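So this block is target-v4.txt, compact mmCIF, C-alpha atoms:
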# COMPACT_ATOMS: atom_id res chain seq x y z
CA MET Z 1 0.00 0.00 0.00
CA THR Z 2 1.29 3.46 -0.88
CA ASP Z 3 1.48 5.82 2.11
CA ARG Z 4 -0.21 9.03 0.91
CA PRO Z 5 -2.37 11.64 2.55
CA ALA Z 6 -6.09 11.11 1.86
CA ASP Z 7 -6.24 14.32 -0.18
CA PHE Z 8 -3.23 13.49 -2.37
CA ALA Z 9 -3.96 14.37 -6.00
CA ASP Z 10 -2.15 13.83 -9.28
CA THR Z 11 -2.42 17.06 -11.28
CA ASP Z 12 -2.53 15.12 -14.56
CA CYS Z 13 -5.28 12.71 -13.47
CA VAL Z 14 -8.75 13.30 -14.92
CA PHE Z 15 -10.44 11.85 -11.82
CA CYS Z 16 -8.38 14.07 -9.49
CA LYS Z 17 -9.49 17.03 -11.62
CA ILE Z 18 -13.12 15.92 -11.19
CA VAL Z 19 -12.65 15.65 -7.40
CA ALA Z 20 -11.08 19.15 -7.38
CA GLY Z 21 -14.02 20.57 -9.35
CA GLN Z 22 -11.83 21.43 -12.36
CA ILE Z 23 -13.86 19.12 -14.60
CA PRO Z 24 -17.64 18.96 -14.14
CA CYS Z 25 -19.47 15.70 -13.52
CA HIS Z 26 -22.95 14.46 -12.74
CA LYS Z 27 -22.44 13.66 -9.04
CA LEU Z 28 -24.46 10.82 -7.60
CA LEU Z 29 -22.88 10.22 -4.19
CA GLU Z 30 -20.18 11.96 -2.20
CA ASP Z 31 -18.64 11.79 1.26
CA ASP Z 32 -15.24 12.58 2.77
CA HIS Z 33 -13.57 9.61 1.06
CA VAL Z 34 -15.44 8.78 -2.15
CA LEU Z 35 -17.22 10.30 -5.13
CA GLY Z 36 -19.75 8.60 -7.39
CA PHE Z 37 -20.74 10.08 -10.75
CA LEU Z 38 -22.09 9.14 -14.17
CA ASP Z 39 -19.52 7.87 -16.67
CA VAL Z 40 -19.04 10.24 -19.66
CA GLY Z 41 -18.59 7.22 -21.94
CA PRO Z 42 -21.33 4.90 -20.70
CA VAL Z 43 -21.59 1.28 -21.80
CA SER Z 44 -25.29 1.40 -20.94
CA PRO Z 45 -27.68 4.07 -19.58
CA GLY Z 46 -26.92 4.72 -15.91
CA HIS Z 47 -23.28 3.54 -16.08
CA ALA Z 48 -21.63 5.12 -13.04
CA LEU Z 49 -18.16 5.32 -11.52
CA LEU Z 50 -17.17 5.26 -7.86
CA ILE Z 51 -13.72 6.60 -7.00
CA PRO Z 52 -11.70 7.41 -3.90
CA LYS Z 53 -11.10 11.14 -3.55
CA GLY Z 54 -7.40 10.53 -2.94
CA HIS Z 55 -5.24 9.43 -5.87
CA TYR Z 56 -4.41 5.73 -5.70
CA PRO Z 57 -3.36 4.07 -8.97
CA ALA Z 58 -4.42 0.51 -8.04
CA LEU Z 59 -6.67 -1.21 -5.52
CA HIS Z 60 -3.73 -2.57 -3.54
CA ASP Z 61 -2.59 1.06 -2.97
CA VAL Z 62 -5.84 2.08 -1.23
CA PRO Z 63 -5.64 2.49 2.58
CA ALA Z 64 -8.05 0.43 4.68
CA GLU Z 65 -10.22 3.40 5.74
CA THR Z 66 -10.74 4.48 2.13
CA ALA Z 67 -11.33 0.88 1.02
CA ALA Z 68 -14.00 0.57 3.72
CA ALA Z 69 -15.67 3.76 2.46
CA LEU Z 70 -15.65 2.40 -1.11
CA GLY Z 71 -17.11 -0.89 0.13
CA ALA Z 72 -19.87 0.91 2.01
CA ALA Z 73 -20.71 3.21 -0.91
CA LEU Z 74 -20.90 0.52 -3.62
CA PRO Z 75 -24.17 -1.09 -2.42
CA LYS Z 76 -25.75 2.31 -1.74
CA LEU Z 77 -24.96 3.50 -5.25
CA ALA Z 78 -26.02 0.21 -6.84
CA SER Z 79 -29.32 0.24 -4.97
CA ALA Z 80 -30.12 3.84 -5.96
CA LEU Z 81 -29.17 3.22 -9.61
CA ARG Z 82 -31.42 0.13 -9.71
CA GLU Z 83 -34.34 1.98 -8.15
CA VAL Z 84 -34.12 4.99 -10.45
CA GLY Z 85 -32.88 3.22 -13.59
CA GLY Z 86 -35.45 0.45 -13.59
CA PHE Z 87 -33.00 -2.42 -14.01
CA ASP Z 88 -32.37 -5.43 -11.79
CA HIS Z 89 -28.96 -6.56 -13.00
CA TYR Z 90 -25.54 -4.91 -13.10
CA ASN Z 91 -21.84 -5.55 -13.25
CA VAL Z 92 -19.27 -4.09 -10.87
CA LEU Z 93 -15.95 -3.86 -12.70
CA GLN Z 94 -12.59 -2.72 -11.32
CA ASN Z 95 -9.36 -3.03 -13.33
CA ASN Z 96 -5.76 -2.72 -12.08
CA GLY Z 97 -3.02 -2.04 -14.65
CA ALA Z 98 -3.07 -1.67 -18.40
CA PRO Z 99 -2.99 -5.44 -19.12
CA ALA Z 100 -6.17 -5.72 -17.01
CA GLY Z 101 -7.91 -3.01 -19.05
CA GLN Z 102 -7.28 -0.01 -16.80
CA ALA Z 103 -7.19 3.22 -18.83
CA VAL Z 104 -7.34 5.83 -16.05
CA PHE Z 105 -4.75 5.06 -13.39
CA HIS Z 106 -6.86 6.19 -10.43
CA VAL Z 107 -8.82 3.43 -8.70
CA HIS Z 108 -12.38 3.35 -9.94
CA PHE Z 109 -15.29 0.97 -9.86
CA HIS Z 110 -17.69 0.80 -12.80
CA LEU Z 111 -21.33 0.07 -11.97
CA ILE Z 112 -22.81 -1.02 -15.29
CA PRO Z 113 -26.57 -1.54 -15.55
CA ARG Z 114 -27.62 -4.70 -17.41
CA ARG Z 115 -30.89 -5.37 -19.11
CA SER Z 116 -32.15 -8.50 -20.82
CA GLY Z 117 -30.62 -8.77 -24.28
CA ASP Z 118 -28.05 -6.00 -23.82
CA SER Z 119 -25.06 -8.27 -24.45
CA ARG Z 120 -26.34 -9.87 -27.61
CA GLY Z 121 -25.01 -7.41 -30.16
CA GLU Z 122 -27.62 -4.67 -30.00
CA GLY Z 123 -24.90 -2.07 -29.36
CA VAL Z 124 -25.37 -1.49 -25.64
CA GLY Z 125 -24.17 -3.30 -22.57
CA LEU Z 126 -20.95 -4.91 -21.48
CA ARG Z 127 -19.74 -7.76 -23.64
CA PHE Z 128 -16.88 -10.00 -22.56
CA ASP Z 129 -15.50 -13.46 -22.94
CA TRP Z 130 -14.78 -15.55 -19.85
CA PRO Z 131 -12.47 -18.37 -20.98
CA ALA Z 132 -12.73 -20.44 -17.77
CA GLN Z 133 -10.38 -23.39 -17.44
CA PRO Z 134 -10.41 -26.23 -14.91
CA LEU Z 135 -8.42 -25.48 -11.75
CA ASP Z 136 -5.10 -27.33 -11.51
CA HIS Z 137 -5.44 -28.46 -7.88
CA GLU Z 138 -1.79 -29.58 -7.72
CA ALA Z 139 -0.60 -26.07 -8.64
CA ALA Z 140 -3.31 -24.34 -6.58
CA ALA Z 141 -2.39 -25.82 -3.19
CA PRO Z 142 1.11 -24.27 -2.91
CA LEU Z 143 -0.15 -20.99 -4.38
CA ALA Z 144 -2.94 -20.81 -1.79
CA GLU Z 145 -0.43 -21.54 0.99
CA GLN Z 146 1.90 -18.77 -0.24
CA VAL Z 147 -0.95 -16.25 -0.45
CA ARG Z 148 -2.14 -17.12 3.08
CA ALA Z 149 1.43 -16.59 4.35
CA ALA Z 150 1.69 -13.23 2.55
CA ILE Z 151 -1.58 -12.09 4.14
CA GLY Z 152 -0.22 -13.01 7.55
What's the structure tokens form of this structure?
Amino acid sequence: MTDRPADFADTDCVFCKIVAGQIPCHKLLEDDHVLGFLDVGPVSPGHALLIPKGHYPALHDVPAETAAALGAALPKLASALREVGGFDHYNVLQNNGAPAGQAVFHVHFHLIPRRSGDSRGEGVGLRFDWPAQPLDHEAAAPLAEQVRAAIG
């Protein structure tokens, strides 16, 4: 985790500029730690973002107090979006690093409304491929042990 003050900002970061009020947004939720707003490039109507107000490039950089605030705000925002947007389904997406699809290097969670049929080529909705493979239990056991040790 990167040790930064909660109000640390990167002057080149678009999300830090939104937090600072230098770039307007359609605010949905805000407290001392987080800001939720509508995405300017929505995948579907109601697509929102939830960000920490401090600049943290990846999830593993976020301090526990800010992570707790993000975790508390996600269900509130999802519930309000569902109620107002008239949808029952949604994806929560969070990417870390360019190979994982991250384009803005400030932690952010996408809340993407889903409606029946929206991923079948009609031009709206999140489309992805999930190439699941069987778990190699022989390789998984030592990996799990190493991760448990790293957690402490």
Check the smallest atom-to-atom distance from each of Z:Pro131, Z:Gly152, Z:Gly36, Z:Pro52 to Z:Pro75 using only C-alpha atoms, then report the winner.
Z:Gly36
If you measure from atom CA of Z:Arg115 to atom CA of Z:Gly41, what distance in Å do you get, rounded to one decimal?
17.8 Å
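Coordinates place atom CA of Z:Pro113 at a distance of 7.0 Å from atom CA of Z:Pro45.
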Quote the spacing between atom CA of Z:Gly101 and atom CA of Z:Glu145 in Å to one decimal place.
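These two atoms are separated by 28.3 Å.
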Who sits within 9 Å of Z:Leu29, all atoms listed in the file, same chain under 5 positions skipped, as a list in words
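Answer for this query is Val34, Leu35, Gly36, Phe37, Leu50, Ala73, Lys76 and Leu77 of chain Z.
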Just the selected residues (C-alpha atoms), exported as a short mmCIF file (atom, residue, chain, number, x, y, z; two decimals), in the frame of the given file, please.
data_model
loop_
_atom_site.label_atom_id
_atom_site.label_comp_id
_atom_site.auth_asym_id
_atom_site.auth_seq_id
_atom_site.Cartn_x
_atom_site.Cartn_y
_atom_site.Cartn_z
CA VAL Z 34 -15.44 8.78 -2.15
CA LEU Z 35 -17.22 10.30 -5.13
CA GLY Z 36 -19.75 8.60 -7.39
CA PHE Z 37 -20.74 10.08 -10.75
CA LEU Z 50 -17.17 5.26 -7.86
CA ALA Z 73 -20.71 3.21 -0.91
CA LYS Z 76 -25.75 2.31 -1.74
CA LEU Z 77 -24.96 3.50 -5.25
#
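Minimum atom-to-atom distance to Z:Ala100, evaluated using only C-alpha atoms, belongs to Z:Ala58 out of Z:Leu81, Z:Arg148, Z:Ala58, Z:Asp10.
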Counting all atoms listed in the file, the residue of Z:Phe128, Z:Ala80, Z:Cys25, Z:Asp32 that sits nearest Z:Glu65:
Z:Asp32
Nearest candidate to Z:Leu70 (options Z:Pro57, Z:Val19, Z:Asp31, Z:His47; using all atoms listed in the file):
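Nearest candidate to Z:Leu70 out of Z:Pro57, Z:Val19, Z:Asp31, Z:His47: Z:Asp31.
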Neighbours of Z:Ala78 within 12 Å (all atoms listed in the file; same-chain residues fewer than 5 positions away dropped), as a CSV table (one decimal) with C-alpha atoms, keeping the file's coordinate frame?
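around.csv, written as the output of this step:
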chain,number,residue,atom,x,y,z
Z,28,LEU,CA,-24.5,10.8,-7.6
Z,29,LEU,CA,-22.9,10.2,-4.2
Z,36,GLY,CA,-19.8,8.6,-7.4
Z,37,PHE,CA,-20.7,10.1,-10.8
Z,46,GLY,CA,-26.9,4.7,-15.9
Z,47,HIS,CA,-23.3,3.5,-16.1
Z,48,ALA,CA,-21.6,5.1,-13.0
Z,49,LEU,CA,-18.2,5.3,-11.5
Z,50,LEU,CA,-17.2,5.3,-7.9
Z,71,GLY,CA,-17.1,-0.9,0.1
Z,72,ALA,CA,-19.9,0.9,2.0
Z,73,ALA,CA,-20.7,3.2,-0.9
Z,83,GLU,CA,-34.3,2.0,-8.2
Z,84,VAL,CA,-34.1,5.0,-10.4
Z,85,GLY,CA,-32.9,3.2,-13.6
Z,86,GLY,CA,-35.4,0.4,-13.6
Z,87,PHE,CA,-33.0,-2.4,-14.0
Z,88,ASP,CA,-32.4,-5.4,-11.8
Z,89,HIS,CA,-29.0,-6.6,-13.0
Z,90,TYR,CA,-25.5,-4.9,-13.1
Z,91,ASN,CA,-21.8,-5.6,-13.2
Z,92,VAL,CA,-19.3,-4.1,-10.9
Z,109,PHE,CA,-15.3,1.0,-9.9
Z,110,HIS,CA,-17.7,0.8,-12.8
Z,111,LEU,CA,-21.3,0.1,-12.0
Z,112,ILE,CA,-22.8,-1.0,-15.3
Z,113,PRO,CA,-26.6,-1.5,-15.6
Z,114,ARG,CA,-27.6,-4.7,-17.4
May I have the residues within 9 Å of Z:Val104 as a list of chain:residue names, using only C-alpha atoms and disregarding those fewer than 5 positions away in the same chain?
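Here the qualifying residues turn out to be Z:Cys13, Z:Val14, Z:Phe15, Z:Pro57, Z:Ala98.
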